[in-house]
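S.K.: Quick one, entry-v3.cif (mmCIF, C-alpha atoms):
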data_target
loop_
_atom_site.label_atom_id
_atom_site.label_comp_id
_atom_site.auth_asym_id
_atom_site.auth_seq_id
_atom_site.Cartn_x
_atom_site.Cartn_y
_atom_site.Cartn_z
CA MET A 968 -6.19 -3.79 7.31
CA THR A 969 -5.25 -0.11 7.42
CA HIS A 970 -3.53 1.68 4.58
CA ALA A 971 -0.48 2.19 6.76
CA CYS A 972 -0.23 -1.52 7.49
CA ARG A 973 -0.56 -2.33 3.82
CA ARG A 974 2.33 0.04 3.15
CA LEU A 975 4.61 -1.19 5.91
CA ARG A 976 4.32 -4.75 4.75
CA ARG A 977 6.59 -4.03 1.80
CA GLY A 978 8.53 -2.34 4.35
CA ALA A 979 11.99 -1.68 5.18
CA VAL A 980 10.43 -1.56 3.04
CA THR A 981 7.94 -0.70 0.44
CA ALA A 982 4.55 0.76 0.09
CA THR A 983 1.47 -0.45 -1.65
CA ALA A 984 -1.18 1.84 -0.28
CA VAL A 985 -2.75 4.70 -2.18
CA GLY A 986 -3.52 6.82 0.84
CA MET A 987 -1.74 10.10 1.38
CA LEU A 988 -1.61 12.87 3.95
CA THR A 989 -0.55 16.39 3.04
CA VAL A 990 2.79 17.60 4.35
CA PRO A 991 3.48 21.31 3.91
CA VAL A 992 6.39 21.93 1.58
CA ALA A 993 8.82 24.76 1.95
CA GLY A 994 8.38 27.75 -0.34
CA PRO A 995 10.74 28.74 -3.12
CA ALA A 996 13.04 30.54 -0.71
CA ALA A 997 13.91 27.20 0.87
CA PHE A 998 15.38 25.87 -2.35
CA GLY A 999 19.12 26.43 -2.23
CA ALA A 1000 21.58 27.19 -4.98
CA PRO A 1001 23.26 24.25 -6.69
CA VAL A 1002 25.72 22.45 -4.45
CA SER A 1003 27.67 21.15 -7.42
CA VAL A 1004 27.04 21.08 -11.14
CA ARG A 1005 30.02 19.96 -13.24
CA THR A 1006 30.30 19.22 -16.92
CA ALA A 1007 33.06 16.63 -16.74
CA ALA A 1008 33.89 13.67 -14.53
CA THR A 1009 37.07 11.67 -14.14
CA ALA A 1010 35.95 8.64 -12.14
CA PRO A 1011 37.31 5.34 -13.52
CA ARG A 1012 34.85 3.17 -15.39
CA PRO A 1013 34.20 -0.29 -13.93
CA PRO A 1014 33.34 -3.17 -16.25
CA SER A 1015 29.72 -3.25 -17.37
CA PRO A 1016 27.71 -5.98 -15.62
CA SER A 1017 25.81 -6.83 -18.78
CA ALA A 1018 25.68 -6.13 -22.46
CA SER A 1019 25.00 -2.44 -22.91
CA PRO A 1020 21.45 -1.76 -24.08
CA THR A 1021 20.90 0.99 -26.60
CA GLY A 1022 20.72 4.57 -25.47
CA GLU A 1023 22.88 6.96 -23.47
CA VAL A 1024 22.48 9.84 -21.07
CA ARG A 1025 22.20 13.46 -22.12
CA THR A 1026 25.08 15.82 -21.52
CA LEU A 1027 24.43 17.87 -18.40
CA THR A 1028 24.56 21.27 -20.05
CA PRO A 1029 23.24 24.35 -18.22
CA ALA A 1030 19.96 23.91 -20.10
CA VAL A 1031 19.60 20.28 -18.98
CA THR A 1032 20.55 21.03 -15.38
CA GLY A 1033 18.04 23.86 -15.35
CA GLN A 1034 15.39 21.44 -16.58
CA LEU A 1035 16.36 19.04 -13.81
CA ASP A 1036 16.07 21.80 -11.21
CA ARG A 1037 12.58 22.70 -12.38
CA THR A 1038 11.46 19.08 -12.54
CA VAL A 1039 12.69 18.22 -9.06
CA ARG A 1040 10.94 21.29 -7.64
CA GLN A 1041 7.73 20.34 -9.44
CA VAL A 1042 7.76 16.80 -8.01
CA MET A 1043 8.42 18.24 -4.56
CA ARG A 1044 5.43 20.57 -4.81
CA GLU A 1045 3.07 17.95 -6.18
CA ALA A 1046 4.11 15.19 -3.74
CA ASN A 1047 4.58 17.50 -0.73
CA VAL A 1048 8.18 16.41 -0.14
CA PRO A 1049 9.99 18.54 2.48
CA GLY A 1050 13.54 17.90 1.30
CA VAL A 1051 15.47 15.93 -1.32
CA SER A 1052 19.05 15.52 -2.49
CA VAL A 1053 19.87 14.30 -5.99
CA GLY A 1054 23.18 13.09 -7.37
CA LEU A 1055 23.81 12.13 -11.00
CA TRP A 1056 27.28 11.08 -12.09
CA THR A 1057 28.49 10.17 -15.60
CA PRO A 1058 32.00 9.56 -16.95
CA ASP A 1059 31.58 11.73 -20.04
CA HIS A 1060 28.45 13.84 -19.73
CA GLY A 1061 28.90 15.71 -16.46
CA THR A 1062 27.86 15.58 -12.82
CA TYR A 1063 24.85 17.05 -11.05
CA ILE A 1064 24.62 17.23 -7.24
CA ARG A 1065 21.95 19.34 -5.64
CA SER A 1066 19.75 19.58 -2.54
CA PHE A 1067 16.31 21.17 -2.37
CA GLY A 1068 13.94 22.08 0.42
CA VAL A 1069 14.37 21.54 4.15
CA ALA A 1070 15.85 18.83 6.32
CA ASP A 1071 13.70 19.91 9.25
CA LYS A 1072 10.39 21.69 8.84
CA SER A 1073 10.33 23.03 12.40
CA SER A 1074 13.67 24.82 12.15
CA GLY A 1075 13.84 25.42 8.40
CA ARG A 1076 17.31 23.87 8.29
CA PRO A 1077 18.08 23.29 4.60
CA MET A 1078 18.58 19.90 3.04
CA SER A 1079 22.20 19.21 2.08
CA PRO A 1080 24.01 16.35 0.32
CA ASP A 1081 26.22 15.47 3.29
CA LEU A 1082 23.37 14.28 5.54
CA TYR A 1083 23.10 10.74 6.81
CA THR A 1084 19.86 9.04 5.84
CA ARG A 1085 18.03 5.79 6.56
CA ILE A 1086 18.11 3.72 3.35
CA GLY A 1087 15.45 1.08 4.05
CA SER A 1088 15.47 -1.81 1.59
CA GLU A 1089 18.69 -0.70 -0.04
CA THR A 1090 20.02 -2.67 2.94
CA LYS A 1091 19.08 -5.79 0.98
CA THR A 1092 21.85 -5.11 -1.53
CA PHE A 1093 24.41 -5.13 1.31
CA THR A 1094 22.95 -8.22 3.00
CA VAL A 1095 22.91 -10.21 -0.24
CA THR A 1096 26.43 -9.03 -1.08
CA ALA A 1097 27.57 -10.41 2.29
CA LEU A 1098 25.86 -13.70 1.43
CA LEU A 1099 27.62 -13.79 -1.94
CA LYS A 1100 30.97 -13.21 -0.22
CA LEU A 1101 30.27 -16.34 1.81
CA VAL A 1102 29.40 -18.16 -1.42
CA ASP A 1103 32.76 -17.14 -2.90
CA GLU A 1104 34.47 -18.37 0.26
CA GLY A 1105 32.76 -21.75 -0.04
CA LYS A 1106 31.01 -21.34 3.31
CA VAL A 1107 27.47 -21.46 1.89
CA GLY A 1108 25.87 -22.50 -1.38
CA LEU A 1109 23.09 -20.59 -3.10
CA ASP A 1110 21.17 -23.82 -3.55
CA ASP A 1111 21.51 -24.84 0.10
CA PRO A 1112 18.15 -25.18 1.88
CA ILE A 1113 17.50 -22.58 4.55
CA GLY A 1114 16.71 -25.39 6.99
CA ARG A 1115 20.41 -26.23 7.05
CA TYR A 1116 21.04 -22.94 8.85
CA VAL A 1117 17.78 -21.94 10.56
CA ALA A 1118 15.40 -24.38 12.24
CA GLY A 1119 11.62 -24.08 12.14
CA VAL A 1120 11.23 -22.41 8.75
CA PRO A 1121 8.08 -23.54 6.90
CA ASN A 1122 9.25 -25.48 3.83
CA GLY A 1123 12.75 -25.03 5.21
CA ASP A 1124 13.95 -28.25 3.60
CA ARG A 1125 12.87 -26.98 0.17
CA ILE A 1126 13.46 -23.20 0.14
CA THR A 1127 16.96 -22.35 -1.04
CA LEU A 1128 19.12 -19.34 -0.22
CA ARG A 1129 18.85 -18.40 -3.89
CA GLU A 1130 15.04 -18.31 -3.64
CA LEU A 1131 15.22 -16.18 -0.50
CA ALA A 1132 17.55 -13.65 -2.15
CA GLY A 1133 15.46 -13.66 -5.33
CA MET A 1134 12.12 -13.14 -3.55
CA ARG A 1135 10.72 -16.51 -4.62
CA SER A 1136 10.45 -18.35 -1.31
CA GLY A 1137 6.68 -18.31 -0.86
CA LEU A 1138 7.04 -17.29 2.78
CA PHE A 1139 4.64 -14.80 4.36
CA ASN A 1140 5.96 -11.24 4.72
CA TYR A 1141 6.00 -10.43 8.43
CA THR A 1142 5.40 -6.74 7.77
CA GLU A 1143 1.96 -7.65 6.39
CA ASP A 1144 0.89 -9.06 9.75
CA PRO A 1145 -1.60 -6.71 11.53
CA ARG A 1146 -0.20 -7.71 14.93
CA PHE A 1147 3.26 -6.68 13.85
CA PHE A 1148 1.95 -3.33 12.63
CA LYS A 1149 0.18 -2.74 15.94
CA ALA A 1150 3.29 -3.66 17.94
CA PHE A 1151 5.49 -1.41 15.82
CA THR A 1152 3.25 1.67 15.74
CA SER A 1153 2.33 1.44 19.41
CA ASP A 1154 5.99 2.03 20.28
CA PRO A 1155 8.20 2.88 17.28
CA ARG A 1156 11.23 3.12 19.57
CA ARG A 1157 11.01 -0.46 20.79
CA SER A 1158 13.55 -3.08 19.79
CA PHE A 1159 12.67 -6.26 17.88
CA THR A 1160 14.79 -9.40 17.58
CA PRO A 1161 15.05 -11.37 14.34
CA GLN A 1162 13.31 -14.26 16.05
CA GLN A 1163 10.36 -12.06 16.99
CA LEU A 1164 10.05 -10.88 13.39
CA LEU A 1165 10.10 -14.44 12.07
CA ALA A 1166 7.41 -15.45 14.56
CA TYR A 1167 5.02 -12.97 12.94
CA ALA A 1168 5.71 -14.56 9.55
CA PHE A 1169 5.66 -18.21 10.55
CA ARG A 1170 2.21 -18.08 12.12
CA HIS A 1171 0.90 -17.74 8.56
CA PRO A 1172 0.81 -20.53 5.96
CA VAL A 1173 3.20 -20.39 3.03
CA LEU A 1174 1.78 -18.58 0.00
CA PHE A 1175 3.06 -20.87 -2.77
CA PRO A 1176 5.68 -23.58 -3.42
CA PRO A 1177 9.30 -22.36 -3.46
CA GLY A 1178 10.41 -20.90 -6.78
CA GLN A 1179 6.94 -20.67 -8.26
CA LYS A 1180 6.81 -16.89 -8.61
CA PHE A 1181 8.15 -13.52 -7.46
CA SER A 1182 6.76 -12.13 -4.20
CA TYR A 1183 8.63 -9.34 -2.42
CA CYS A 1184 9.12 -10.42 1.19
CA ASN A 1185 11.17 -9.01 4.05
CA THR A 1186 11.06 -12.32 5.90
CA ASN A 1187 13.53 -13.65 3.31
CA LEU A 1188 16.20 -11.13 4.30
CA ILE A 1189 15.78 -11.70 8.03
CA LEU A 1190 16.57 -15.36 7.35
CA LEU A 1191 19.59 -14.46 5.21
CA GLY A 1192 20.86 -12.24 8.01
CA LEU A 1193 20.81 -15.27 10.32
CA VAL A 1194 22.62 -17.35 7.68
CA ILE A 1195 25.35 -14.71 7.50
CA GLU A 1196 25.73 -14.73 11.26
CA LYS A 1197 26.04 -18.51 11.40
CA ALA A 1198 28.32 -19.01 8.40
CA GLY A 1199 30.31 -15.82 8.98
CA ALA A 1200 30.71 -16.50 12.71
CA LYS A 1201 29.99 -12.93 13.77
CA PRO A 1202 27.02 -10.54 14.05
CA VAL A 1203 25.63 -9.56 10.66
CA GLN A 1204 26.50 -5.89 11.17
CA ASP A 1205 30.14 -6.81 11.82
CA TYR A 1206 30.36 -9.17 8.88
CA ILE A 1207 28.91 -6.56 6.53
CA HIS A 1208 31.28 -3.90 7.86
CA ASP A 1209 34.40 -6.05 7.60
CA ASN A 1210 33.67 -7.74 4.29
CA VAL A 1211 31.59 -5.19 2.35
CA LEU A 1212 31.74 -1.65 3.74
CA ALA A 1213 35.45 -1.51 4.60
CA PRO A 1214 36.69 -2.94 1.27
CA ALA A 1215 34.44 -0.51 -0.62
CA GLY A 1216 35.63 2.45 1.45
CA LEU A 1217 32.11 3.27 2.65
CA ARG A 1218 32.99 5.13 5.83
CA ARG A 1219 29.60 6.79 6.27
CA THR A 1220 27.50 3.67 5.84
CA LEU A 1221 26.54 1.59 8.86
CA PHE A 1222 24.24 -1.11 10.14
CA PRO A 1223 22.87 0.29 13.44
CA THR A 1224 22.03 -1.97 16.35
CA ASP A 1225 19.71 0.55 18.03
CA ALA A 1226 17.94 3.84 17.28
CA ALA A 1227 21.18 5.85 17.14
CA PHE A 1228 21.33 8.11 14.09
CA PRO A 1229 24.62 9.90 13.31
CA SER A 1230 24.60 13.65 12.79
CA PRO A 1231 23.99 15.50 10.63
CA HIS A 1232 20.74 13.94 9.46
CA ALA A 1233 17.34 15.10 8.31
CA GLN A 1234 14.13 14.77 10.27
CA GLY A 1235 11.83 12.18 8.70
CA TYR A 1236 8.06 12.45 8.20
CA THR A 1237 5.60 9.58 7.88
CA ASP A 1238 1.90 8.77 8.10
CA GLN A 1239 2.60 5.12 8.92
CA THR A 1240 1.46 5.67 12.47
CA ALA A 1241 -1.11 4.30 14.88
CA THR A 1242 -3.40 7.28 14.23
CA GLY A 1243 -2.55 7.92 10.58
CA LYS A 1244 -1.34 11.40 11.50
CA VAL A 1245 2.06 12.59 10.32
CA GLU A 1246 4.83 12.13 12.89
CA ASP A 1247 8.58 12.81 13.13
CA THR A 1248 10.63 9.62 12.81
CA ALA A 1249 14.35 10.37 13.21
CA GLY A 1250 14.39 8.72 16.64
CA TRP A 1251 12.49 5.57 15.64
CA ASN A 1252 14.25 2.23 16.08
CA PRO A 1253 14.92 0.41 12.76
CA SER A 1254 15.51 -2.97 14.40
CA TRP A 1255 12.16 -4.15 13.04
CA ALA A 1256 13.75 -4.05 9.57
CA TRP A 1257 17.14 -5.54 10.56
CA ALA A 1258 18.89 -7.20 7.59
CA ALA A 1259 15.99 -6.23 5.33
CA GLY A 1260 16.22 -2.49 5.87
CA ALA A 1261 17.93 -1.01 8.94
CA MET A 1262 21.02 0.54 7.37
CA ILE A 1263 22.15 4.18 7.19
CA SER A 1264 24.26 5.88 4.51
CA ASN A 1265 24.70 9.17 2.65
CA LEU A 1266 24.62 10.44 -0.92
CA ASP A 1267 28.31 10.03 -1.71
CA ASP A 1268 28.67 6.55 -0.22
CA LEU A 1269 25.62 5.46 -2.18
CA ARG A 1270 27.27 6.82 -5.33
CA VAL A 1271 30.20 4.50 -4.75
CA TRP A 1272 27.96 1.60 -3.83
CA ALA A 1273 25.79 1.90 -6.96
CA ARG A 1274 28.64 0.93 -9.28
CA THR A 1275 30.13 -1.55 -6.84
CA VAL A 1276 26.97 -3.59 -6.37
CA ALA A 1277 26.09 -3.47 -10.07
CA THR A 1278 29.53 -4.62 -11.24
CA GLY A 1279 31.02 -6.57 -8.33
CA VAL A 1280 34.12 -4.39 -8.72
CA LEU A 1281 35.56 -2.21 -5.95
CA PRO A 1282 36.57 1.43 -6.54
CA ASP A 1283 40.25 0.37 -6.74
CA GLY A 1284 39.47 -2.03 -9.59
CA THR A 1285 39.72 -5.26 -7.60
CA THR A 1286 36.77 -7.59 -7.31
CA LEU A 1287 34.39 -7.65 -4.36
CA ILE A 1288 32.36 -10.53 -5.80
CA SER A 1289 33.76 -13.07 -8.27
CA PRO A 1290 32.56 -12.65 -11.87
CA ALA A 1291 30.78 -16.02 -11.78
CA THR A 1292 28.89 -15.16 -8.61
CA GLN A 1293 28.17 -11.62 -9.81
CA LYS A 1294 26.68 -13.09 -12.98
CA GLN A 1295 24.27 -15.09 -10.83
CA ARG A 1296 23.34 -11.96 -8.87
CA LEU A 1297 22.46 -10.15 -12.08
CA THR A 1298 20.42 -12.97 -13.59
CA THR A 1299 17.14 -11.11 -13.21
CA LEU A 1300 13.99 -13.21 -13.50
CA PRO A 1301 10.62 -11.72 -14.46
CA THR A 1302 8.50 -10.05 -11.81
CA THR A 1303 4.92 -8.86 -11.72
CA ILE A 1304 6.24 -5.41 -12.71
CA PRO A 1305 6.37 -4.71 -16.47
CA GLY A 1306 9.90 -3.87 -17.56
CA ALA A 1307 11.43 -4.90 -14.23
CA GLY A 1308 13.37 -8.01 -13.29
CA TYR A 1309 14.72 -9.06 -9.90
CA GLY A 1310 17.99 -10.89 -9.40
CA LEU A 1311 19.59 -11.68 -6.06
CA GLY A 1312 18.67 -8.69 -3.93
CA ILE A 1313 18.69 -6.30 -6.87
CA PHE A 1314 16.32 -4.84 -9.47
CA ASN A 1315 16.82 -4.20 -13.16
CA VAL A 1316 14.25 -1.58 -14.17
CA GLN A 1317 14.44 -0.56 -17.83
CA GLY A 1318 18.21 -1.07 -17.75
CA TRP A 1319 18.83 0.72 -14.44
CA ILE A 1320 20.35 -1.73 -11.91
CA GLY A 1321 19.98 -1.17 -8.17
CA HIS A 1322 17.37 -0.86 -5.47
CA ASN A 1323 15.01 1.57 -3.82
CA GLY A 1324 14.47 1.85 -0.09
CA SER A 1325 12.02 3.19 2.43
CA LEU A 1326 11.63 3.34 6.17
CA PRO A 1327 8.97 5.46 7.85
CA GLY A 1328 10.09 9.02 7.18
CA TYR A 1329 12.81 8.29 4.62
CA GLU A 1330 13.16 7.07 1.05
CA SER A 1331 16.11 6.50 -1.25
CA LEU A 1332 16.95 5.28 -4.72
CA THR A 1333 20.39 4.08 -5.85
CA ILE A 1334 20.69 2.87 -9.44
CA TYR A 1335 23.37 2.37 -12.09
CA LEU A 1336 22.93 2.38 -15.88
CA PRO A 1337 25.51 0.17 -17.63
CA ALA A 1338 24.61 1.63 -21.03
CA ALA A 1339 26.20 4.93 -19.99
CA GLN A 1340 28.04 3.91 -16.81
CA ALA A 1341 25.90 6.52 -15.09
CA THR A 1342 24.80 6.60 -11.46
CA LEU A 1343 21.69 8.18 -9.95
CA VAL A 1344 21.09 8.56 -6.23
CA VAL A 1345 18.03 10.23 -4.68
CA VAL A 1346 17.43 10.61 -0.92
CA LEU A 1347 14.46 12.32 0.73
CA ASN A 1348 12.87 12.78 4.12
CA THR A 1349 9.34 11.44 3.71
CA ASP A 1350 7.75 8.16 2.64
CA ILE A 1351 4.20 9.49 2.28
CA ASN A 1352 2.76 8.26 -1.01
CA HIS A 1353 1.36 10.61 -3.64
CA ASN A 1354 -1.62 9.21 -5.52
CA GLY A 1355 -0.41 5.68 -4.93
CA ALA A 1356 3.18 6.33 -5.98
CA GLU A 1357 6.30 6.35 -3.85
CA PRO A 1358 8.06 9.74 -3.85
CA SER A 1359 11.41 8.15 -4.68
CA THR A 1360 9.92 6.60 -7.82
CA LEU A 1361 8.35 9.91 -8.83
CA PHE A 1362 11.78 11.54 -8.67
CA GLY A 1363 13.50 8.61 -10.39
CA GLU A 1364 11.01 8.58 -13.23
CA ALA A 1365 11.01 12.36 -13.72
CA ILE A 1366 14.81 12.60 -13.69
CA THR A 1367 15.44 9.65 -16.01
CA LYS A 1368 12.84 10.92 -18.49
CA ILE A 1369 15.15 13.91 -18.90
CA VAL A 1370 18.61 12.34 -18.74
CA SER A 1371 18.01 8.82 -20.16
CA PRO A 1372 14.76 8.86 -22.12
CA GLY A 1373 15.55 5.41 -23.52
CA HIS A 1374 15.76 4.02 -19.99
CA VAL A 1375 13.05 5.49 -17.76
CA PHE A 1376 13.00 4.22 -14.18
CA ASN A 1377 9.29 3.58 -13.65
CA LEU A 1378 9.01 1.13 -10.75
CA PRO A 1379 5.37 1.34 -9.61
CA ALA A 1380 4.23 1.48 -6.01
CA GLN A 1381 2.78 -2.01 -6.08
CA PRO A 1382 4.49 -4.33 -5.66
CA ALA A 1383 7.59 -2.21 -5.26
CA ALA A 1384 10.46 -2.77 -2.94
CA ARG A 1385 10.82 -0.61 0.05
#
If you took the structure in this file and wrote it as structure tokens, what would it be?
M.R.:
Amino acid sequence: MTHACRRLRRGAVTATAVGMLTVPVAGPAAFGAPVSVRTAATAPRPPSPSASPTGEVRTLTPAVTGQLDRTVRQVMREANVPGVSVGLWTPDHGTYIRSFGVADKSSGRPMSPDLYTRIGSETKTFTVTALLKLVDEGKVGLDDPIGRYVAGVPNGDRITLRELAGMRSGLFNYTEDPRFFKAFTSDPRRSFTPQQLLAYAFRHPVLFPPGQKFSYCNTNLILLGLVIEKAGAKPVQDYIHDNVLAPAGLRRTLFPTDAAFPSPHAQGYTDQTATGKVEDTAGWNPSWAWAAGAMISNLDDLRVWARTVATGVLPDGTTLISPATQKQRLTTLPTTIPGAGYGLGIFNVQGWIGHNGSLPGYESLTIYLPAAQATLVVVLNTDINHNGAEPSTLFGEAITKIVSPGHVFNLPAQPAAR
């Protein structure tokens, strides 16, 4: 199996390969001035989703923001990242919003915080939120077997919706299938149906009995997308829009049904290709990731979503998810990753709650720290690993070492969660 296939399998996803191709990075002249650096914030504080662990974030003084600037540039140089935008918001210690590098290497167009971006597996947080809305409405139960909604699932009479959302189903991950990888890379603009994606998974035996252990799997979210469509009586993209995006006021977040990509957006760069050579990806069709990773958003919408998904509370203070159901979402069971737990479509990594995401050419990280009610969002336009590490994790770790040294986001590349 090729390195690229090994990476795509986490896909929508997440990488596990250690291979890397060099992508030229823009010189210092490409790094723009700060878009916004403030020392106070007035956003209302939502309730904390869990007991606050010890530790806070550092005040974003000029010295700290300068350190952040230098660190982000250093990660860019070392990991050959063309462009990145970073947003850090706190209620008491300031705000930092800045873009570095280029959105398009051919034109030199600078990266900026208003760009749309593909968010990969951050889609899972929206899909699972839609499922939890249906739970609150009494239309589905987390302990319902998937076979009640979708026929032909191996162990379908035993695997529950809770186990699908918590990555404990034991099903094979369709993005690990070499035939899928060949079909995808031979024509990245082709369209896949959910049924085609499941067929790649179901030709493999189950890996373990349901609930036995954590195993990150995109097949789980394709199935949950079908559950939402059946129980919600509308296409998954419409249900998510009407019941999640609209109530949260996320006007620049969408679930595309084709390769359309709103402007302005960055060009993406990947080596997950048939030849292993770096290619542009902005026009690639994300249908292969569907409810596991096809969505699009931007920095500011992800800022709003970080607190919303971590608390279950909308920006206006009303609830999106009931406290009882939100508590179940945030019950994070152990994973194979030291210091990281996984709940229902969401990570808790050293106290930071949220998810990372990757699609060929794009990566993102959206996390919320209840200890300080702080939000960190990072978006970038490459998914090419650096020495076995995802670029988004390199940025997340470097930034949190500075601003929250008691809570360092250190999700490793394997088995991460693109």
S.K.: What is the distance between CA of Ala1261 (chain A) and CA of Ile1086 (chain A), in Å to one decimal?
M.R.: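 Spanning CA of Ala1261 (chain A) to CA of Ile1086 (chain A) is a straight-line distance of 7.3 Å.
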S.K.: To test your reading of the syntax: which residues would the PyMOL selection byres ((chain A and resi 1055) around 7) return for the file shown? Reply as a PDB file with C-alpha atoms, keeping the file's coordinate frame.
M.R.:
ATOM      1  CA  VAL A1053      19.870  14.300  -5.990  1.00  0.00           C
ATOM      2  CA  GLY A1054      23.180  13.090  -7.370  1.00  0.00           C
ATOM      3  CA  TRP A1056      27.280  11.080 -12.090  1.00  0.00           C
ATOM      4  CA  THR A1057      28.490  10.170 -15.600  1.00  0.00           C
ATOM      5  CA  THR A1062      27.860  15.580 -12.820  1.00  0.00           C
ATOM      6  CA  TYR A1063      24.850  17.050 -11.050  1.00  0.00           C
ATOM      7  CA  ILE A1064      24.620  17.230  -7.240  1.00  0.00           C
ATOM      8  CA  THR A1342      24.800   6.600 -11.460  1.00  0.00           C
ATOM      9  CA  LEU A1343      21.690   8.180  -9.950  1.00  0.00           C
ATOM     10  CA  VAL A1344      21.090   8.560  -6.230  1.00  0.00           C
TER      11      VAL A1344
END
S.K.: May I ask which of the residues A:Ala1233, A:Ala1356, A:Ala1341, A:Ala1046 is the closest one to Pro1077 (chain A), counting all atoms listed in the file?
M.R.: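 Checking each candidate against Pro1077 (chain A), we get A:Ala1233 as the closest.
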S.K.: Could you give me, as a ChimeraX atom specification, the residues within 10 Å of Asp1154 (chain A), counting all atoms listed in the file and dropping anything in the same chain fewer than 6 positions from it?
M.R.: /A:1240-1241,1251-1252
S.K.: Pick from A:Pro1145, A:Pro1372, A:Gly1123, A:Gly1235: nearest to Thr1349 (chain A), with only C-alpha atoms counted?
M.R.: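 For Thr1349 (chain A), the nearest of the given residues is A:Gly1235.
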S.K.: I'd like the neighbourhood of Ser1331 (chain A) as JSON, numbers by chain, where a residue qualifies if any of its atoms comes within 12 Å (using only C-alpha atoms), though same-chain residues fewer than 6 positions away should be ignored.
M.R.: {"A": [979, 980, 981, 1050, 1051, 1052, 1053, 1054, 1083, 1084, 1085, 1086, 1087, 1088, 1089, 1090, 1260, 1262, 1263, 1264, 1265, 1266, 1269, 1270, 1321, 1322, 1323, 1324, 1325, 1343, 1344, 1345, 1346, 1347, 1348, 1349, 1350, 1357, 1358, 1359, 1360, 1361, 1362, 1363, 1384, 1385]}
S.K.: Edge lengths and centre in Å to one decimal, as lines of an AutoDock Vina configuration file, of the axis-aligned box that encloses all listed atoms of region 1107-1121 of chain A with 4 Å added on every side?
M.R.:
center_x = 17.8
center_y = -23.4
center_z = 4.3
size_x = 27.4
size_y = 13.6
size_z = 23.8
S.K.: Go ahead and compute the interatomic distance for CA of Pro1223 (chain A) and CA of Gly1250 (chain A), in Å to one decimal.
M.R.: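 These atoms are spaced 12.4 Å apart.
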S.K.: When the PyMOL selection byres ((chain A and resi 1175-1192) around 6) is applied to the file above, which residues end up in the set, as a list of chain:residue names?
M.R.: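 Evaluating the PyMOL selection byres ((chain A and resi 1175-1192) around 6) on this file yields A:Ile1126, A:Leu1131, A:Met1134, A:Arg1135, A:Ser1136, A:Gly1137, A:Asn1140, A:Tyr1141, A:Val1173, A:Leu1174, A:Leu1193, A:Val1194, A:Ile1195, A:Ala1258, A:Ala1259, A:Thr1302.
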S.K.: Let's have the selection written as a tab-separated table (two decimals), in the frame of the given file, with C-alpha atoms.
M.R.:
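Produced file again-v2.tsv, reproduced below:
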chain	number	residue	atom	x	y	z
A	1126	ILE	CA	13.46	-23.20	0.14
A	1131	LEU	CA	15.22	-16.18	-0.50
A	1134	MET	CA	12.12	-13.14	-3.55
A	1135	ARG	CA	10.72	-16.51	-4.62
A	1136	SER	CA	10.45	-18.35	-1.31
A	1137	GLY	CA	6.68	-18.31	-0.86
A	1140	ASN	CA	5.96	-11.24	4.72
A	1141	TYR	CA	6.00	-10.43	8.43
A	1173	VAL	CA	3.20	-20.39	3.03
A	1174	LEU	CA	1.78	-18.58	0.00
A	1193	LEU	CA	20.81	-15.27	10.32
A	1194	VAL	CA	22.62	-17.35	7.68
A	1195	ILE	CA	25.35	-14.71	7.50
A	1258	ALA	CA	18.89	-7.20	7.59
A	1259	ALA	CA	15.99	-6.23	5.33
A	1302	THR	CA	8.50	-10.05	-11.81
S.K.: Which one is closest to Val1245 (chain A): A:Val1102, A:Leu1138, A:Ala1338, A:Ile1351? Count only C-alpha atoms.
M.R.: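 Closest residue, counting only C-alpha atoms: A:Ile1351.
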